[in-house]
file run27.cif (mmCIF, C-alpha atoms)
data_work
loop_
_atom_site.group_PDB
_atom_site.id
_atom_site.type_symbol
_atom_site.label_atom_id
_atom_site.label_comp_id
_atom_site.auth_asym_id
_atom_site.auth_seq_id
_atom_site.Cartn_x
_atom_site.Cartn_y
_atom_site.Cartn_z
ATOM 1 C CA MET A 1 16.237 -9.803 16.881
ATOM 2 C CA VAL A 2 14.983 -13.141 15.515
ATOM 3 C CA ASP A 3 11.802 -14.763 16.744
ATOM 4 C CA GLN A 4 12.318 -18.025 18.614
ATOM 5 C CA GLN A 5 11.616 -21.162 16.574
ATOM 6 C CA PRO A 6 9.799 -24.200 17.993
ATOM 7 C CA ASP A 7 11.621 -27.527 18.039
ATOM 8 C CA ILE A 8 10.902 -28.809 14.534
ATOM 9 C CA LYS A 9 12.221 -32.296 15.304
ATOM 10 C CA ARG A 10 9.850 -32.657 18.243
ATOM 11 C CA LEU A 11 6.991 -31.445 16.071
ATOM 12 C CA ALA A 12 7.895 -33.928 13.344
ATOM 13 C CA ASP A 13 8.023 -36.674 15.974
ATOM 14 C CA GLY A 14 4.451 -35.823 16.990
ATOM 15 C CA ASP A 15 5.301 -34.411 20.416
ATOM 16 C CA GLU A 16 1.941 -33.405 21.922
ATOM 17 C CA GLN A 17 3.411 -30.866 24.325
ATOM 18 C CA GLU A 18 5.392 -29.085 21.596
ATOM 19 C CA TRP A 19 2.323 -28.888 19.360
ATOM 20 C CA GLY A 20 0.319 -27.573 22.303
ATOM 21 C CA ASN A 21 2.941 -24.879 22.882
ATOM 22 C CA VAL A 22 2.828 -23.931 19.203
ATOM 23 C CA GLN A 23 -0.952 -23.596 19.238
ATOM 24 C CA ALA A 24 -0.912 -21.457 22.375
ATOM 25 C CA GLU A 25 1.814 -19.252 20.865
ATOM 26 C CA PHE A 26 0.438 -18.769 17.352
ATOM 27 C CA ALA A 27 -3.357 -19.091 17.618
ATOM 28 C CA GLY A 28 -3.930 -15.423 18.470
ATOM 29 C CA ARG A 29 -1.997 -13.925 15.569
ATOM 30 C CA LEU A 30 -3.405 -16.445 13.072
ATOM 31 C CA LEU A 31 -6.929 -15.700 14.274
ATOM 32 C CA ARG A 32 -6.318 -11.966 13.800
ATOM 33 C CA TYR A 33 -5.304 -12.649 10.206
ATOM 34 C CA ILE A 34 -8.399 -14.769 9.548
ATOM 35 C CA SER A 35 -10.738 -12.334 11.308
ATOM 36 C CA LYS A 36 -9.933 -9.538 8.849
ATOM 37 C CA ARG A 37 -11.211 -11.719 6.039
ATOM 38 C CA VAL A 38 -13.935 -13.894 7.583
ATOM 39 C CA GLN A 39 -16.757 -12.607 9.758
ATOM 40 C CA ASP A 40 -18.284 -15.879 10.990
ATOM 41 C CA HIS A 41 -16.775 -16.888 14.347
ATOM 42 C CA GLN A 42 -17.262 -20.637 13.845
ATOM 43 C CA VAL A 43 -15.732 -20.519 10.377
ATOM 44 C CA ARG A 44 -12.718 -18.674 11.799
ATOM 45 C CA GLU A 45 -12.149 -21.466 14.294
ATOM 46 C CA ASP A 46 -12.625 -24.095 11.578
ATOM 47 C CA ILE A 47 -9.983 -22.405 9.408
ATOM 48 C CA LEU A 48 -7.642 -22.168 12.375
ATOM 49 C CA GLN A 49 -8.085 -25.865 13.084
ATOM 50 C CA GLU A 50 -7.518 -26.739 9.417
ATOM 51 C CA THR A 51 -4.354 -24.644 9.486
ATOM 52 C CA PHE A 52 -2.846 -26.607 12.357
ATOM 53 C CA LEU A 53 -3.939 -29.927 10.874
ATOM 54 C CA GLY A 54 -2.285 -28.914 7.610
ATOM 55 C CA ALA A 55 0.868 -28.041 9.557
ATOM 56 C CA LEU A 56 0.749 -31.450 11.254
ATOM 57 C CA ARG A 57 0.446 -33.296 7.963
ATOM 58 C CA GLY A 58 3.190 -31.332 6.255
ATOM 59 C CA ILE A 59 5.746 -30.822 9.037
ATOM 60 C CA HIS A 60 8.079 -33.497 7.625
ATOM 61 C CA SER A 61 8.574 -31.317 4.527
ATOM 62 C CA PHE A 62 9.214 -28.129 6.515
ATOM 63 C CA ASN A 63 11.805 -25.948 4.760
ATOM 64 C CA PRO A 64 14.186 -24.409 7.338
ATOM 65 C CA THR A 65 14.917 -21.548 4.937
ATOM 66 C CA TYR A 66 11.697 -20.029 6.268
ATOM 67 C CA SER A 67 10.497 -19.429 9.793
ATOM 68 C CA PHE A 68 7.836 -21.603 11.383
ATOM 69 C CA GLU A 69 5.600 -18.538 11.521
ATOM 70 C CA GLN A 70 5.880 -18.190 7.732
ATOM 71 C CA TYR A 71 5.039 -21.872 7.388
ATOM 72 C CA LEU A 72 1.870 -21.494 9.474
ATOM 73 C CA PHE A 73 0.772 -18.243 7.857
ATOM 74 C CA GLY A 74 1.275 -19.722 4.386
ATOM 75 C CA ILE A 75 -1.061 -22.590 5.209
ATOM 76 C CA CYS A 76 -3.527 -20.279 6.971
ATOM 77 C CA ARG A 77 -3.594 -17.962 3.973
ATOM 78 C CA ASN A 78 -4.473 -20.832 1.637
ATOM 79 C CA ARG A 79 -7.129 -22.249 3.933
ATOM 80 C CA THR A 80 -8.744 -18.823 4.245
ATOM 81 C CA ILE A 81 -8.747 -18.377 0.478
ATOM 82 C CA ASP A 82 -10.192 -21.853 0.023
ATOM 83 C CA PHE A 83 -13.148 -20.811 2.178
ATOM 84 C CA LEU A 84 -13.670 -17.540 0.302
ATOM 85 C CA ARG A 85 -13.509 -19.334 -3.034
ATOM 86 C CA ARG A 86 -16.129 -21.840 -1.915
ATOM 87 C CA ARG A 87 -18.395 -18.933 -0.953
ATOM 88 C CA THR A 88 -17.953 -17.424 -4.394
ATOM 89 C CA VAL A 89 -18.635 -20.705 -6.198
ATOM 90 C CA ARG A 90 -21.820 -21.145 -4.191
ATOM 91 C CA GLY A 91 -22.956 -17.629 -5.044
ATOM 92 C CA LEU A 92 -22.539 -16.415 -1.493
ATOM 93 C CA GLY A 93 -19.780 -13.884 -2.121
ATOM 94 C CA GLY A 94 -19.916 -10.676 -0.179
ATOM 95 C CA GLU A 95 -17.772 -8.188 1.649
ATOM 96 C CA GLU A 96 -15.419 -10.898 2.880
ATOM 97 C CA GLU A 97 -14.370 -11.748 -0.668
ATOM 98 C CA ASP A 98 -13.737 -8.088 -1.454
ATOM 99 C CA SER A 99 -11.536 -7.712 1.613
ATOM 100 C CA VAL A 100 -8.863 -10.106 0.332
ATOM 101 C CA PRO A 101 -6.109 -8.437 -1.722
ATOM 102 C CA ALA A 102 -5.822 -9.694 -5.281
ATOM 103 C CA LEU A 103 -2.369 -11.135 -4.600
ATOM 104 C CA GLU A 104 -3.819 -13.405 -1.926
ATOM 105 C CA ARG A 105 -6.211 -14.986 -4.424
ATOM 106 C CA LEU A 106 -3.373 -16.655 -6.300
ATOM 107 C CA ALA A 107 -2.976 -19.582 -3.882
ATOM 108 C CA VAL A 108 -3.084 -23.123 -5.198
ATOM 109 C CA ASP A 109 -5.950 -25.245 -3.910
ATOM 110 C CA GLU A 110 -4.760 -27.900 -1.463
ATOM 111 C CA ALA A 111 -1.190 -26.656 -1.793
ATOM 112 C CA THR A 112 1.414 -28.549 0.140
ATOM 113 C CA PRO A 113 3.547 -26.570 2.601
ATOM 114 C CA SER A 114 6.434 -26.635 0.135
ATOM 115 C CA GLN A 115 4.202 -25.330 -2.644
ATOM 116 C CA VAL A 116 3.128 -22.481 -0.380
ATOM 117 C CA PHE A 117 6.664 -21.147 -0.697
ATOM 118 C CA GLY A 118 7.315 -22.322 -4.257
ATOM 119 C CA VAL A 119 10.441 -24.243 -3.308
ATOM 120 C CA ASN A 120 10.146 -27.194 -5.688
ATOM 121 C CA ASP A 121 10.769 -25.598 -9.090
ATOM 122 C CA LEU A 122 14.008 -24.890 -10.922
ATOM 123 C CA GLY A 123 14.596 -21.411 -9.528
ATOM 124 C CA ALA A 124 14.189 -22.445 -5.900
ATOM 125 C CA ARG A 125 17.834 -22.267 -4.887
ATOM 126 C CA GLY A 126 18.219 -18.879 -6.530
ATOM 127 C CA ARG A 127 15.153 -17.514 -4.743
ATOM 128 C CA ASP A 128 16.292 -18.950 -1.423
ATOM 129 C CA LEU A 129 19.675 -17.288 -1.830
ATOM 130 C CA LEU A 130 18.106 -13.997 -2.861
ATOM 131 C CA GLY A 131 15.825 -14.143 0.180
ATOM 132 C CA ARG A 132 18.844 -14.567 2.457
ATOM 133 C CA VAL A 133 20.651 -11.722 0.733
ATOM 134 C CA LEU A 134 17.673 -9.378 1.092
ATOM 135 C CA LYS A 135 17.372 -10.237 4.781
ATOM 136 C CA ALA A 136 21.085 -9.600 5.292
ATOM 137 C CA TRP A 137 20.814 -6.189 3.625
ATOM 138 C CA VAL A 138 17.767 -5.281 5.704
ATOM 139 C CA ALA A 139 19.548 -6.356 8.901
ATOM 140 C CA GLU A 140 22.501 -4.112 8.046
ATOM 141 C CA THR A 141 20.200 -1.203 7.310
ATOM 142 C CA PHE A 142 18.239 -1.729 10.535
ATOM 143 C CA ALA A 143 21.486 -1.793 12.516
ATOM 144 C CA ALA A 144 22.547 1.492 10.900
ATOM 145 C CA GLU A 145 19.102 2.969 11.640
ATOM 146 C CA GLU A 146 18.840 4.157 8.031
ATOM 147 C CA TRP A 147 15.064 4.301 8.045
ATOM 148 C CA GLN A 148 14.626 6.420 4.935
ATOM 149 C CA ARG A 149 16.935 4.133 2.967
ATOM 150 C CA ILE A 150 14.938 1.039 3.796
ATOM 151 C CA LYS A 151 11.660 2.810 3.038
ATOM 152 C CA VAL A 152 12.978 3.836 -0.378
ATOM 153 C CA VAL A 153 14.231 0.361 -1.253
ATOM 154 C CA GLU A 154 11.126 -1.354 0.080
ATOM 155 C CA LEU A 155 8.893 0.870 -2.021
ATOM 156 C CA LEU A 156 11.038 0.309 -5.108
ATOM 157 C CA LEU A 157 11.696 -3.424 -4.823
ATOM 158 C CA ALA A 158 8.772 -4.786 -2.810
ATOM 159 C CA ALA A 159 5.972 -2.398 -3.796
ATOM 160 C CA GLU A 160 7.454 -1.831 -7.296
ATOM 161 C CA GLU A 161 6.894 1.923 -7.206
ATOM 162 C CA ARG A 162 8.720 4.252 -9.605
ATOM 163 C CA ASN A 163 11.556 6.554 -8.558
ATOM 164 C CA LEU A 164 9.537 9.736 -9.051
ATOM 165 C CA HIS A 165 6.602 8.446 -7.020
ATOM 166 C CA VAL A 166 8.904 7.371 -4.175
ATOM 167 C CA ALA A 167 10.603 10.778 -4.146
ATOM 168 C CA LYS A 168 7.247 12.533 -3.841
ATOM 169 C CA GLU A 169 5.870 10.152 -1.221
ATOM 170 C CA LEU A 170 8.928 10.372 1.030
ATOM 171 C CA ASP A 171 9.517 14.076 0.393
ATOM 172 C CA ILE A 172 12.944 13.526 -1.163
ATOM 173 C CA GLN A 173 14.346 16.405 -3.194
ATOM 174 C CA ASP A 174 14.331 14.660 -6.575
ATOM 175 C CA GLU A 175 14.201 11.249 -8.159
ATOM 176 C CA SER A 176 17.946 11.208 -8.830
ATOM 177 C CA ALA A 177 18.501 10.930 -5.067
ATOM 178 C CA VAL A 178 16.145 7.943 -5.023
ATOM 179 C CA ALA A 179 18.006 6.419 -7.970
ATOM 180 C CA GLY A 180 21.265 6.833 -6.064
ATOM 181 C CA ILE A 181 19.877 5.007 -3.014
ATOM 182 C CA LYS A 182 18.641 2.214 -5.262
ATOM 183 C CA PHE A 183 21.975 1.921 -7.082
ATOM 184 C CA ARG A 184 23.961 1.618 -3.854
ATOM 185 C CA ALA A 185 21.493 -0.897 -2.429
ATOM 186 C CA LEU A 186 21.621 -3.100 -5.538
ATOM 187 C CA LYS A 187 25.415 -2.952 -5.549
ATOM 188 C CA ARG A 188 25.506 -4.079 -1.919
ATOM 189 C CA LEU A 189 23.009 -6.871 -2.649
ATOM 190 C CA ALA A 190 25.252 -8.133 -5.452
ATOM 191 C CA THR A 191 28.243 -8.135 -3.085
ATOM 192 C CA LEU A 192 26.290 -10.054 -0.450
ATOM 193 C CA ALA A 193 25.150 -12.555 -3.079
ATOM 194 C CA ALA A 194 28.725 -13.170 -4.189
ATOM 195 C CA ALA A 195 29.776 -13.755 -0.583
ATOM 196 C CA GLU A 196 26.873 -16.172 0.006
ATOM 197 C CA ASP A 197 27.509 -18.190 -3.156
ATOM 198 C CA GLN A 198 31.258 -18.683 -3.249
ATOM 199 C CA THR A 199 30.926 -21.412 -5.877
ATOM 200 C CA GLY A 200 29.536 -18.870 -8.311
ATOM 201 C CA LYS A 201 26.870 -21.296 -9.526
ATOM 202 C CA LEU A 202 23.973 -19.042 -8.557
ATOM 203 C CA ARG A 203 25.739 -15.693 -8.713
ATOM 204 C CA ASP A 204 24.674 -14.863 -12.256
ATOM 205 C CA GLU A 205 21.055 -15.736 -11.493
ATOM 206 C CA ILE A 206 21.032 -13.470 -8.444
ATOM 207 C CA VAL A 207 22.709 -10.593 -10.282
ATOM 208 C CA GLN A 208 20.089 -10.913 -13.021
ATOM 209 C CA ALA A 209 17.295 -10.967 -10.441
ATOM 210 C CA ILE A 210 18.709 -7.902 -8.700
ATOM 211 C CA SER A 211 18.933 -6.053 -12.011
ATOM 212 C CA GLY A 212 15.395 -7.102 -12.935
ATOM 213 C CA THR A 213 16.386 -9.162 -15.989
ATOM 214 C CA HIS A 214 15.810 -12.675 -14.620
ATOM 215 C CA VAL A 215 12.533 -14.068 -15.948
ATOM 216 C CA GLY A 216 12.330 -16.830 -13.334
ATOM 217 C CA ILE A 217 13.024 -14.864 -10.160
ATOM 218 C CA ASP A 218 10.668 -12.051 -9.227
ATOM 219 C CA MET A 219 12.348 -9.613 -6.848
ATOM 220 C CA ALA A 220 9.097 -8.289 -5.378
ATOM 221 C CA GLY A 221 7.766 -11.806 -4.931
ATOM 222 C CA VAL A 222 10.907 -13.000 -3.165
ATOM 223 C CA TRP A 223 10.928 -9.927 -0.929
ATOM 224 C CA THR A 224 7.351 -10.584 0.161
ATOM 225 C CA GLN A 225 7.698 -14.359 0.339
ATOM 226 C CA SER A 226 10.861 -14.271 2.442
ATOM 227 C CA ARG A 227 9.457 -11.494 4.654
ATOM 228 C CA ALA A 228 12.796 -9.790 4.107
ATOM 229 C CA SER A 229 11.850 -6.602 5.936
ATOM 230 C CA CYS A 230 9.284 -7.920 8.411
ATOM 231 C CA PRO A 231 10.386 -6.906 11.933
ATOM 232 C CA SER A 232 10.312 -9.651 14.532
ATOM 233 C CA ARG A 233 7.479 -9.954 17.037
ATOM 234 C CA TYR A 234 9.835 -8.436 19.614
ATOM 235 C CA TRP A 235 9.639 -5.076 17.822
ATOM 236 C CA TRP A 236 5.873 -5.220 17.441
ATOM 237 C CA ALA A 237 5.638 -5.863 21.171
ATOM 238 C CA ARG A 238 7.771 -2.774 21.837
ATOM 239 C CA LEU A 239 5.600 -0.676 19.506
ATOM 240 C CA ALA A 240 2.416 -1.933 21.168
ATOM 241 C CA LYS A 241 3.812 -0.851 24.541
ATOM 242 C CA GLY A 242 5.061 2.517 23.244
ATOM 243 C CA ARG A 243 8.706 1.610 23.857
ATOM 244 C CA CYS A 244 10.189 2.188 20.393
ATOM 245 C CA GLU A 245 12.547 4.971 19.423
ATOM 246 C CA PRO A 246 10.818 7.454 17.065
ATOM 247 C CA GLY A 247 12.717 6.342 13.958
ATOM 248 C CA MET A 248 11.999 2.668 14.480
ATOM 249 C CA ALA A 249 8.377 3.356 15.422
ATOM 250 C CA ASP A 250 7.928 5.396 12.240
ATOM 251 C CA TYR A 251 9.347 2.574 10.125
ATOM 252 C CA LEU A 252 7.208 -0.067 11.833
ATOM 253 C CA GLU A 253 4.065 1.941 11.119
ATOM 254 C CA PHE A 254 5.214 2.481 7.522
ATOM 255 C CA HIS A 255 5.758 -1.246 6.999
ATOM 256 C CA ARG A 256 2.503 -2.207 8.696
ATOM 257 C CA ASP A 257 0.285 0.381 7.005
ATOM 258 C CA ARG A 258 1.942 1.577 3.788
ATOM 259 C CA ILE A 259 3.405 -1.759 2.734
ATOM 260 C CA ASP A 260 0.219 -3.305 4.131
ATOM 261 C CA CYS A 261 1.865 -6.450 5.461
ATOM 262 C CA PRO A 262 -0.956 -8.737 6.697
ATOM 263 C CA LEU A 263 1.301 -10.912 8.851
ATOM 264 C CA CYS A 264 2.782 -7.947 10.687
ATOM 265 C CA GLN A 265 -0.662 -6.419 11.099
ATOM 266 C CA ALA A 266 -1.859 -9.666 12.673
ATOM 267 C CA ASN A 267 1.125 -9.761 15.023
ATOM 268 C CA TYR A 268 0.665 -6.170 16.126
ATOM 269 C CA GLU A 269 -3.073 -6.488 16.697
ATOM 270 C CA ASP A 270 -2.583 -9.713 18.632
ATOM 271 C CA LEU A 271 -0.020 -8.036 20.880
ATOM 272 C CA LYS A 272 -2.253 -5.013 21.420
ATOM 273 C CA GLY A 273 -4.580 -7.342 23.281
ATOM 274 C CA ALA A 274 -7.256 -9.759 22.174
ATOM 275 C CA SER A 275 -10.843 -8.728 22.810
ATOM 276 C CA GLU A 276 -11.912 -12.320 23.342
ATOM 277 C CA ASN A 277 -10.678 -15.113 25.570
ATOM 278 C CA LEU A 278 -8.666 -17.510 23.420
ATOM 279 C CA GLU A 279 -8.097 -20.163 26.068
ATOM 280 C CA PRO A 280 -11.219 -22.263 25.300
ATOM 281 C CA MET A 281 -10.457 -22.174 21.572
ATOM 282 C CA VAL A 282 -6.818 -23.137 22.128
ATOM 283 C CA ALA A 283 -7.941 -25.989 24.393
ATOM 284 C CA ARG A 284 -10.218 -27.286 21.616
ATOM 285 C CA LEU A 285 -7.394 -27.030 19.091
ATOM 286 C CA GLN A 286 -5.059 -28.913 21.389
ATOM 287 C CA ALA A 287 -7.641 -31.629 22.006
ATOM 288 C CA SER A 288 -8.192 -32.180 18.263
ATOM 289 C CA THR A 289 -4.442 -32.306 17.732
ATOM 290 C CA ILE A 290 -4.046 -35.011 20.371
ATOM 291 C CA VAL A 291 -6.790 -37.048 18.700
ATOM 292 C CA PHE A 292 -4.981 -36.673 15.362
ATOM 293 C CA LEU A 293 -1.578 -37.587 16.776
ATOM 294 C CA ARG A 294 -2.871 -40.630 18.621
ATOM 295 C CA GLY A 295 -4.973 -41.843 15.721
ATOM 296 C CA LYS A 296 -4.128 -43.045 12.242
ATOM 297 C CA GLY A 297 -3.376 -39.514 11.046
ATOM 298 C CA GLY A 298 -0.440 -39.235 13.398
ATOM 299 C CA GLN A 299 1.173 -42.349 11.973
ATOM 300 C CA GLY A 300 1.393 -41.283 8.310
#
call {"tool": "encode", "arguments": {"input": "run27.cif", "output": "structure tokens"}}
result
Amino acid sequence: MVDQQPDIKRLADGDEQEWGNVQAEFAGRLLRYISKRVQDHQVREDILQETFLGALRGIHSFNPTYSFEQYLFGICRNRTIDFLRRRTVRGLGGEEEDSVPALERLAVDEATPSQVFGVNDLGARGRDLLGRVLKAWVAETFAAEEWQRIKVVELLLAAEERNLHVAKELDIQDESAVAGIKFRALKRLATLAAAEDQTGKLRDEIVQAISGTHVGIDMAGVWTQSRASCPSRYWWARLAKGRCEPGMADYLEFHRDRIDCPLCQANYEDLKGASENLEPMVARLQASTIVFLRGKGGQG
């Protein structure tokens, strides 16, 4: 089940009501993400406000290959890292800096929304296609309820674990069974890629990426960037309410905790129930957005 997208055209047109809806919908999960990395309450709100202002400024370059949630989280991630970097430069580093995974420290300062996803370089079309192919494979595997299969492939391709390690972690008889799951998954990915790119122009690039021989397309990076295996908010809501079947619940917990997906963690924690009243904060965000939209910033 796919999360509902806001009306991007209305957002690009500066529709105050649509932006207000977006802030009410996404503020909680973004704040959960920030709160794991920043302790100061005022700074959290500042980062949240900067995130939405960044989204406002960059909405005209929104790439529909990605979800609006990815767009917001990409900007939020960079704004959070900007703050932590400034603390380090000023000699004020502390536990907050240590809490950010090394991968998250690779953001580009003042990155544009398109740079957040790396969509402007030569391999962009190949990565976009690979992202779609990975999502299609995951959707098929979800539908078949093959939870062990997706765990194996996610550990191998997204977490870049070795066959033997995956076999031990998932209590599979031997690594040859893991290798067999990987082989069949890669074969299916190649078939899906061929179906997606009927012109054949990108097929070789995708096959090379799938086989791990393409120097410009990083399989693990595309998997993470495209959120290929991230369940929709609908499923996190079901887990929070204890309404998931055991197999799905087990996979959700695996993805949240073992794969350590920060966006899914933020979604789940937000749905479990905020400990603070977000309405005043959302009202302040909405007020600042209206000022921006009605002022010079909304005309650029």
call {"tool": "residues_around", "arguments": {"input": "run27.cif", "residues": "A:Leu271", "least_positions_apart": "2", "cutoff": "10 Å", "atoms": "only C-alpha atoms", "output": "list in words"}}
result
Gly28, Arg29, Arg233, Tyr234, Trp236, Ala237, Arg238, Leu239, Ala240, Lys241, Gln265, Ala266, Asn267, Tyr268, Glu269, Gly273 and Ala274 of chain A
call {"tool": "atom_distance", "arguments": {"input": "run27.cif", "atom1": "atom CA of A:Gln5", "atom2": "atom CA of A:Glu69"}}
result
8.3 Å
call {"tool": "atom_distance", "arguments": {"input": "run27.cif", "atom1": "atom CA of A:Leu30", "atom2": "atom CA of A:Glu140"}}
result
29.1 Å
call {"tool": "resolve_selection", "arguments": {"input": "run27.cif", "expression": "the PyMOL selection byres ((chain A and resi 262) around 12)", "output": "PDB file with C-alpha atoms, in the frame of the given file"}}
result
ATOM      1  CA  ARG A  29      -1.997 -13.925  15.569  1.00  0.00           C
ATOM      2  CA  LEU A  30      -3.405 -16.445  13.072  1.00  0.00           C
ATOM      3  CA  LEU A  31      -6.929 -15.700  14.274  1.00  0.00           C
ATOM      4  CA  ARG A  32      -6.318 -11.966  13.800  1.00  0.00           C
ATOM      5  CA  TYR A  33      -5.304 -12.649  10.206  1.00  0.00           C
ATOM      6  CA  ILE A  34      -8.399 -14.769   9.548  1.00  0.00           C
ATOM      7  CA  SER A  35     -10.738 -12.334  11.308  1.00  0.00           C
ATOM      8  CA  LYS A  36      -9.933  -9.538   8.849  1.00  0.00           C
ATOM      9  CA  ARG A  37     -11.211 -11.719   6.039  1.00  0.00           C
ATOM     10  CA  GLN A  70       5.880 -18.190   7.732  1.00  0.00           C
ATOM     11  CA  PHE A  73       0.772 -18.243   7.857  1.00  0.00           C
ATOM     12  CA  GLY A  74       1.275 -19.722   4.386  1.00  0.00           C
ATOM     13  CA  CYS A  76      -3.527 -20.279   6.971  1.00  0.00           C
ATOM     14  CA  ARG A  77      -3.594 -17.962   3.973  1.00  0.00           C
ATOM     15  CA  SER A  99     -11.536  -7.712   1.613  1.00  0.00           C
ATOM     16  CA  VAL A 100      -8.863 -10.106   0.332  1.00  0.00           C
ATOM     17  CA  PRO A 101      -6.109  -8.437  -1.722  1.00  0.00           C
ATOM     18  CA  LEU A 103      -2.369 -11.135  -4.600  1.00  0.00           C
ATOM     19  CA  GLU A 104      -3.819 -13.405  -1.926  1.00  0.00           C
ATOM     20  CA  THR A 224       7.351 -10.584   0.161  1.00  0.00           C
ATOM     21  CA  ARG A 227       9.457 -11.494   4.654  1.00  0.00           C
ATOM     22  CA  CYS A 230       9.284  -7.920   8.411  1.00  0.00           C
ATOM     23  CA  HIS A 255       5.758  -1.246   6.999  1.00  0.00           C
ATOM     24  CA  ARG A 256       2.503  -2.207   8.696  1.00  0.00           C
ATOM     25  CA  ASP A 257       0.285   0.381   7.005  1.00  0.00           C
ATOM     26  CA  ARG A 258       1.942   1.577   3.788  1.00  0.00           C
ATOM     27  CA  ILE A 259       3.405  -1.759   2.734  1.00  0.00           C
ATOM     28  CA  ASP A 260       0.219  -3.305   4.131  1.00  0.00           C
ATOM     29  CA  CYS A 261       1.865  -6.450   5.461  1.00  0.00           C
ATOM     30  CA  LEU A 263       1.301 -10.912   8.851  1.00  0.00           C
ATOM     31  CA  CYS A 264       2.782  -7.947  10.687  1.00  0.00           C
ATOM     32  CA  GLN A 265      -0.662  -6.419  11.099  1.00  0.00           C
ATOM     33  CA  ALA A 266      -1.859  -9.666  12.673  1.00  0.00           C
ATOM     34  CA  ASN A 267       1.125  -9.761  15.023  1.00  0.00           C
ATOM     35  CA  TYR A 268       0.665  -6.170  16.126  1.00  0.00           C
ATOM     36  CA  GLU A 269      -3.073  -6.488  16.697  1.00  0.00           C
TER      37      GLU A 269
END
call {"tool": "atom_distance", "arguments": {"input": "run27.cif", "atom1": "atom CA of A:Gly20", "atom2": "atom CA of A:Gln225"}}
result
26.7 Å
call {"tool": "residues_around", "arguments": {"input": "run27.cif", "residues": "stretch 11-15 of chain A", "least_positions_apart": "3", "cutoff": "9 Å", "atoms": "all atoms listed in the file", "output": "list of chain:residue names"}}
result
A:Pro6, A:Asp7, A:Ile8, A:Glu18, A:Trp19, A:Gly20, A:Leu56, A:Gly58, A:Ile59, A:His60, A:Leu293, A:Arg294, A:Gly298, A:Gln299
call {"tool": "write_last_selection", "arguments": {"input": "run27.cif", "atoms": "C-alpha atoms", "output": "compact mmCIF listing (two decimals), in the coordinates of the input"}}
result
# COMPACT_ATOMS: atom_id res chain seq x y z
CA PRO A 6 9.80 -24.20 17.99
CA ASP A 7 11.62 -27.53 18.04
CA ILE A 8 10.90 -28.81 14.53
CA GLU A 18 5.39 -29.08 21.60
CA TRP A 19 2.32 -28.89 19.36
CA GLY A 20 0.32 -27.57 22.30
CA LEU A 56 0.75 -31.45 11.25
CA GLY A 58 3.19 -31.33 6.26
CA ILE A 59 5.75 -30.82 9.04
CA HIS A 60 8.08 -33.50 7.62
CA LEU A 293 -1.58 -37.59 16.78
CA ARG A 294 -2.87 -40.63 18.62
CA GLY A 298 -0.44 -39.24 13.40
CA GLN A 299 1.17 -42.35 11.97
